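A.B. asks: Provided herewith: start36.txt, compact mmCIF, C-alpha atoms.
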# COMPACT_ATOMS: atom_id res chain seq x y z
CA MET A 1 -5.28 -20.36 -1.51
CA ASP A 2 -7.80 -19.24 -4.11
CA GLU A 3 -11.54 -18.92 -3.48
CA GLN A 4 -12.46 -22.18 -5.21
CA SER A 5 -9.97 -24.18 -3.17
CA LEU A 6 -11.27 -22.68 0.05
CA LEU A 7 -14.90 -23.37 -0.89
CA SER A 8 -13.99 -26.96 -1.71
CA LEU A 9 -12.46 -27.43 1.74
CA ILE A 10 -15.50 -25.87 3.42
CA ARG A 11 -17.81 -28.23 1.52
CA ARG A 12 -15.75 -31.18 2.73
CA VAL A 13 -16.19 -29.97 6.32
CA LYS A 14 -19.96 -29.68 5.82
CA ASP A 15 -20.08 -33.17 4.30
CA GLY A 16 -18.14 -34.59 7.22
CA ASP A 17 -15.13 -35.57 5.11
CA LEU A 18 -12.81 -33.09 6.80
CA ASP A 19 -12.32 -32.21 10.44
CA GLU A 20 -12.50 -28.49 11.32
CA HIS A 21 -9.03 -28.59 12.87
CA GLU A 22 -7.68 -30.16 9.69
CA LEU A 23 -9.34 -27.38 7.70
CA VAL A 24 -7.46 -24.78 9.74
CA ARG A 25 -4.21 -26.70 9.33
CA GLN A 26 -4.61 -26.90 5.55
CA ILE A 27 -5.44 -23.21 5.27
CA ARG A 28 -2.31 -22.35 7.23
CA ALA A 29 -0.27 -24.66 5.01
CA MET A 30 -1.24 -22.85 1.81
CA PRO A 31 -0.36 -19.26 2.64
CA PHE A 32 0.90 -17.85 -0.66
CA ARG A 33 0.36 -17.67 -4.41
CA ASP A 34 3.30 -18.65 -6.56
CA LEU A 35 3.61 -16.04 -9.31
CA GLY A 36 7.01 -17.21 -10.52
CA GLU A 37 9.59 -14.69 -9.33
CA VAL A 38 7.05 -13.46 -6.78
CA LYS A 39 5.54 -15.50 -3.94
CA PHE A 40 2.58 -13.41 -2.85
CA ASP A 41 1.56 -13.84 0.80
CA THR A 42 -2.22 -14.26 0.61
CA HIS A 43 -2.69 -15.09 4.29
CA ARG A 44 -0.89 -12.14 5.81
CA ALA A 45 -4.16 -10.44 6.71
CA LEU A 46 -5.13 -13.52 8.73
CA ARG A 47 -1.86 -13.46 10.66
CA LYS A 48 -1.13 -9.74 10.87
CA GLY A 49 -4.46 -7.96 10.55
CA PHE A 50 -3.54 -6.34 7.22
CA ALA A 51 -2.68 -7.72 3.78
CA GLU A 52 0.84 -7.84 2.35
CA ILE A 53 2.15 -4.43 1.29
CA VAL A 54 3.99 -4.52 -2.03
CA TYR A 55 7.38 -2.75 -2.01
CA CYS A 56 7.83 -1.42 -5.55
CA PRO A 57 11.49 -0.31 -5.95
CA GLY A 58 13.52 -2.95 -7.79
CA LYS A 59 10.49 -4.77 -9.13
CA SER A 60 10.12 -5.15 -12.89
CA ASP A 61 7.01 -4.07 -14.76
CA SER A 62 6.05 -7.71 -15.27
CA GLN A 63 6.35 -8.43 -11.55
CA ILE A 64 4.18 -5.43 -10.67
CA GLU A 65 1.67 -6.52 -13.30
CA SER A 66 1.46 -10.11 -12.04
CA ILE A 67 0.94 -8.93 -8.46
CA ALA A 68 -1.75 -6.44 -9.49
CA ALA A 69 -3.54 -9.14 -11.48
CA ALA A 70 -3.43 -11.48 -8.48
CA LEU A 71 -4.97 -8.77 -6.28
CA ALA A 72 -7.80 -7.96 -8.68
CA GLY A 73 -10.25 -10.37 -7.08
CA THR A 74 -9.36 -9.86 -3.43
CA GLU A 75 -11.43 -8.06 -0.81
CA ASP A 76 -8.59 -6.71 1.34
CA ASN A 77 -7.21 -3.21 1.17
CA VAL A 78 -4.22 -3.02 -1.17
CA LEU A 79 -1.04 -0.97 -0.79
CA PHE A 80 1.96 -0.62 -3.10
CA SER A 81 4.72 1.40 -1.39
CA ARG A 82 7.42 3.67 -2.85
CA ALA A 83 5.61 3.54 -6.17
CA THR A 84 6.09 5.71 -9.24
CA ALA A 85 3.51 7.20 -11.59
CA HIS A 86 4.63 4.68 -14.22
CA GLN A 87 3.97 1.78 -11.85
CA TYR A 88 0.59 3.27 -11.01
CA GLY A 89 -0.33 3.04 -14.68
CA ILE A 90 0.48 -0.67 -14.65
CA VAL A 91 -1.50 -1.32 -11.48
CA LYS A 92 -4.45 0.73 -12.70
CA ASN A 93 -4.85 -1.59 -15.70
CA HIS A 94 -5.82 -4.38 -13.29
CA LEU A 95 -7.15 -2.50 -10.28
CA GLN A 96 -9.63 0.10 -11.47
CA ASP A 97 -10.22 1.30 -7.90
CA ALA A 98 -6.53 2.06 -7.33
CA VAL A 99 -5.53 5.59 -6.26
CA PHE A 100 -2.05 7.14 -6.44
CA HIS A 101 -1.10 9.12 -3.32
CA GLU A 102 1.71 11.06 -4.93
CA LYS A 103 3.27 12.67 -1.83
CA ALA A 104 3.24 9.37 0.03
CA ARG A 105 4.41 7.46 -3.07
CA ILE A 106 1.71 4.91 -2.32
CA ILE A 107 -0.77 3.19 -4.62
CA GLY A 108 -3.83 2.11 -2.66
CA ALA A 109 -7.16 0.42 -3.23
CA LYS A 110 -9.66 0.60 -0.38
CA ARG A 111 -12.04 -2.36 -0.42
CA LYS A 112 -12.53 -3.01 3.29
CA ASP A 113 -13.85 -0.61 5.92
CA TYR A 114 -12.26 -0.86 9.34
CA PRO A 115 -13.93 0.65 12.43
CA ALA A 116 -12.82 4.30 12.54
CA CYS A 117 -10.00 4.79 15.02
CA PRO A 118 -9.18 8.40 15.96
CA GLY A 119 -6.13 9.34 17.98
CA LEU A 120 -3.17 9.15 15.60
CA THR A 121 -1.14 12.31 15.05
CA VAL A 122 1.63 12.53 12.45
CA ILE A 123 4.08 15.41 12.82
CA THR A 124 7.22 16.56 11.03
CA ALA A 125 10.11 18.78 11.99
CA GLY A 126 10.26 20.37 8.53
CA SER A 127 8.39 20.45 5.26
CA SER A 128 11.17 18.38 3.65
CA ASP A 129 10.11 15.49 5.88
CA VAL A 130 6.52 15.49 4.57
CA PRO A 131 6.90 12.62 2.02
CA VAL A 132 7.96 10.20 4.77
CA ALA A 133 5.21 11.51 7.07
CA GLU A 134 2.60 11.11 4.34
CA GLU A 135 3.73 7.53 3.81
CA ALA A 136 3.03 6.94 7.52
CA ALA A 137 -0.29 8.78 7.52
CA VAL A 138 -1.68 7.14 4.37
CA THR A 139 -0.62 3.66 5.55
CA ALA A 140 -2.41 4.19 8.86
CA GLU A 141 -5.52 5.51 7.11
CA TYR A 142 -5.78 2.36 5.00
CA MET A 143 -5.64 0.45 8.29
CA GLY A 144 -8.64 2.35 9.61
CA CYS A 145 -7.00 5.19 11.54
CA GLU A 146 -7.92 8.85 11.35
CA ALA A 147 -4.57 10.62 11.00
CA GLU A 148 -4.22 14.23 12.09
CA ARG A 149 -1.28 16.01 10.48
CA LEU A 150 0.95 18.69 12.03
CA TYR A 151 3.75 19.56 9.65
CA ASP A 152 6.76 21.88 9.96
CA VAL A 153 6.68 22.13 13.77
CA GLY A 154 10.34 21.36 14.51
CA VAL A 155 12.58 22.56 17.32
CA ALA A 156 14.05 25.39 15.22
CA GLY A 157 10.81 27.20 16.04
CA LEU A 158 9.52 25.45 19.16
CA HIS A 159 6.53 27.79 19.50
CA ARG A 160 5.05 26.12 16.40
CA LEU A 161 4.94 22.80 18.25
CA LEU A 162 3.76 24.19 21.59
CA ALA A 163 0.78 25.80 19.87
CA HIS A 164 -0.58 22.27 19.34
CA VAL A 165 0.12 20.69 22.73
CA ASP A 166 -3.59 19.98 23.24
CA ILE A 167 -3.68 17.83 20.09
CA LEU A 168 -0.50 16.01 21.06
CA GLN A 169 -1.68 15.25 24.59
CA ARG A 170 -4.99 13.75 23.49
CA SER A 171 -3.30 11.48 20.94
CA ARG A 172 -3.18 7.71 21.35
CA ALA A 173 0.01 7.47 19.29
CA ILE A 174 2.26 9.99 17.57
CA VAL A 175 4.53 9.49 14.57
CA ALA A 176 7.30 12.10 14.76
CA VAL A 177 9.36 12.49 11.58
CA ALA A 178 12.58 14.51 11.60
CA GLY A 179 15.88 14.89 9.78
CA MET A 180 18.85 17.14 10.55
CA GLU A 181 19.70 16.34 14.22
CA GLY A 182 16.38 14.59 14.88
CA ALA A 183 15.48 16.26 18.18
CA LEU A 184 11.71 16.47 17.66
CA PRO A 185 10.67 13.03 19.01
CA SER A 186 12.50 13.60 22.30
CA VAL A 187 10.80 16.93 22.82
CA VAL A 188 7.40 15.43 22.04
CA GLY A 189 8.11 12.38 24.19
CA GLY A 190 8.58 14.66 27.18
CA LEU A 191 5.17 16.26 26.66
CA VAL A 192 2.84 13.30 26.15
CA SER A 193 1.82 10.02 27.78
CA CYS A 194 1.19 8.06 24.57
CA PRO A 195 3.76 6.10 22.52
CA VAL A 196 5.90 8.20 20.16
CA VAL A 197 7.14 6.49 17.00
CA ALA A 198 10.26 8.31 15.85
CA VAL A 199 11.27 8.27 12.19
CA PRO A 200 14.68 9.65 11.18
CA THR A 201 14.89 10.98 7.64
CA SER A 202 17.80 11.43 5.28
CA THR A 203 17.03 15.17 5.14
CA GLY A 204 20.07 17.22 6.10
CA TYR A 205 23.58 18.34 5.25
CA GLY A 206 26.75 16.24 5.17
CA ALA A 207 27.07 15.42 8.87
CA ASN A 208 23.50 14.14 8.80
CA LEU A 209 25.13 11.11 7.14
CA GLY A 210 22.02 10.24 5.17
CA GLY A 211 19.91 9.91 8.30
CA ILE A 212 22.43 8.23 10.61
CA ALA A 213 22.76 11.36 12.80
CA PRO A 214 19.03 11.69 13.60
CA LEU A 215 18.77 7.91 13.98
CA LEU A 216 21.41 7.97 16.73
CA THR A 217 19.79 10.99 18.37
CA MET A 218 16.44 9.20 18.49
CA LEU A 219 17.96 5.96 19.77
CA ASN A 220 19.58 7.95 22.58
CA SER A 221 16.40 9.81 23.53
CA CYS A 222 16.10 10.51 27.25
CA ALA A 223 12.30 10.73 26.95
CA SER A 224 10.36 7.59 27.90
CA GLY A 225 7.96 5.98 25.47
CA VAL A 226 9.91 6.73 22.27
CA SER A 227 10.48 3.89 19.80
CA VAL A 228 12.53 4.30 16.64
CA MET A 229 12.00 3.15 13.07
CA ASN A 230 14.58 2.80 10.33
CA ILE A 231 15.66 5.79 8.25
CA ASP A 232 12.85 7.11 6.01
CA ASN A 233 10.59 4.20 7.05
CA GLY A 234 7.28 6.01 7.14
CA LEU A 235 5.41 2.87 6.18
CA GLY A 236 6.73 0.92 9.16
CA ALA A 237 5.90 3.82 11.47
CA GLY A 238 2.36 4.19 10.16
CA TYR A 239 1.75 0.45 10.39
CA PHE A 240 3.05 0.21 13.97
CA ALA A 241 1.22 3.33 15.15
CA ALA A 242 -2.03 2.08 13.57
CA LEU A 243 -1.74 -1.18 15.51
CA VAL A 244 -1.26 0.80 18.73
CA VAL A 245 -4.27 3.04 18.06
CA ARG A 246 -6.50 0.15 17.00
CA GLN A 247 -5.70 -1.81 20.16
CA SER A 248 -6.14 1.17 22.45
CA LYS A 249 -9.64 1.97 21.16
Once you've parsed the file, please lay out its structure as structure tokens.
C.D. replies:
Amino acid sequence: MDEQSLLSLIRRVKDGDLDEHELVRQIRAMPFRDLGEVKFDTHRALRKGFAEIVYCPGKSDSQIESIAAALAGTEDNVLFSRATAHQYGIVKNHLQDAVFHEKARIIGAKRKDYPACPGLTVITAGSSDVPVAEEAAVTAEYMGCEAERLYDVGVAGLHRLLAHVDILQRSRAIVAVAGMEGALPSVVGGLVSCPVVAVPTSTGYGANLGGIAPLLTMLNSCASGVSVMNIDNGLGAGYFAALVVRQSK
């Protein structure tokens, strides 16, 4: 629903031509903008607490352009995930406030300030896992969380992790990103009382099976409080962890 349509409905409520309950029903019935090949979900922020995040791989330049143009007049924070520098150039033509977070592969435009929510910690087993971790951290930051980063603290050198136990134990949620055998989330889960969001990555040699090996390790964790995201899904982890932190404030 565009702004003019919404204002028209509100005027009808004020004039007594439309019941308030009917207003809510009509708003819920018009939840997307039809952009041709793209049906953009304009009401996702109302339902989910954050606007639709645009997944860029596989989208044509014209699709990216039409979405960016549709977002130009909105007030919600905007995220394009798994984006390239080329796609950033297209988005920037319509969204002058857009920023390209290169490590995270995210294009973002921050229009809305959420209450600051500390307590999220994002950690990686190795430096090769940083892009997925940055995707999680940047996503959470656009949702109002303050993300503390601890990178390259995997079990191959456990002392690196134990040096930061105080940070881990005061966290409200932890995103733990690991490839290879994926042991890090289980170790962390045994040290803390907060939820641990485990993210397997495709980092590793042949038997890593493109992330299947750490995925299975994390799913079989003996530590309580560990939940598991899909392979390389930093965005999903950051989103989920941000919801946890925001609700635990």
A.B. asks: Provide the atom CA of Ala147 of chain A to atom CA of Val196 of chain A distance in Å, to one decimal place.
C.D. replies: 14.1 Å
A.B. asks: If I take atom CA of His101 of chain A and atom CA of Ser60 of chain A, how far is one from the other in Å, to one decimal?
C.D. replies: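 Going from atom CA of His101 of chain A over to atom CA of Ser60 of chain A covers 20.5 Å.
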A.B. asks: Need the shell around Leu95 of chain A: protein/DNA/RNA residues with any atom at most 8 Å away, counting only C-alpha atoms. Skip same-chain ones fewer than 6 positions apart. Format as a list in words?
C.D. replies: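 Close residues of Leu95 of chain A: Ala68, Ala69, Leu71, Ala72 and Ala109 of chain A.
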A.B. asks: How far is it from atom CA of Phe50 of chain A to atom CA of Arg11 of chain A, in Å with one decimal?
C.D. replies: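 We find that atom CA of Phe50 of chain A and atom CA of Arg11 of chain A lie 26.7 Å from each other.
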A.B. asks: For each of A:Gly119, A:Asn233, A:Glu141, A:Thr124, take the minimum atom-to-atom distance to Pro195 of chain A, counting all atoms listed in the file, then give the residue where this is smallest.
C.D. replies: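 Between A:Gly119, A:Asn233, A:Glu141, A:Thr124, the residue approaching Pro195 of chain A most closely is A:Gly119.
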A.B. asks: Can you list, as a PyMOL selection string, every protein, DNA or RNA residue that comes within 8 Å of Glu134 of chain A when you count all atoms listed in the file, leaving out same-chain residues fewer than 5 positions away?
C.D. replies: chain A and resi 103-104+234
A.B. asks: In terms of the shortest atom-to-atom distance over all atoms listed in the file, which of A:Gly179, A:Phe100, A:Lys14, A:Ile106 is closest to Ile53 of chain A?
C.D. replies: A:Ile106
A.B. asks: Report as a list in words all protein, DNA and RNA residues lying within 6 Å of Thr201 of chain A, evaluated on all atoms listed in the file, omitting residues in the same chain fewer than 4 positions from it.
C.D. replies: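 The neighbour list is Ala178, Gly179, Gly211, Ile231 and Asp232 of chain A.
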A.B. asks: For segment 87-92 of chain A, list every protein, DNA or RNA residue within 8 Å, evaluated using only C-alpha atoms, and leave out those in the same chain fewer than 6 positions away; present the list as a list in words.
C.D. replies: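 Here the answer would be Asp61, Ile64, Glu65, Ala68, Ala98, Phe100 and Ile107 of chain A.
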A.B. asks: Which is closer to Ala183 of chain A than all the others in A:Tyr142, A:Ala125, A:Ala163, A:Ser171, using only C-alpha atoms?
C.D. replies: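 Among the listed residues, A:Ala125 lies closest to Ala183 of chain A.
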A.B. asks: Which residue is closest to Thr139 of chain A? Choose from A:Tyr55, A:Asn220, A:Pro214, A:Ala242 and count all atoms listed in the file.
C.D. replies: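 For Thr139 of chain A, the nearest of the candidates is A:Ala242.
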A.B. asks: Determine the nearest neighbour of Thr217 of chain A from the options A:Ser193, A:Gln169, A:Leu161, A:Met180, counting only C-alpha atoms.
C.D. replies: A:Met180
A.B. asks: Leaving out Arg111 of chain A and any residue of its chain fewer than 4 positions from it, which residues lie within 9 Å of it when counting only C-alpha atoms, given as a ChimeraX atom specification?
C.D. replies: /A:74-78,97
A.B. asks: Find, counting only C-alpha atoms, the residue in A:Val155, A:Val132, A:Met218, A:Cys145 that gets nearest to Arg82 of chain A.
C.D. replies: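 Of A:Val155, A:Val132, A:Met218, A:Cys145, the one nearest Arg82 of chain A, counting only C-alpha atoms, is A:Val132.
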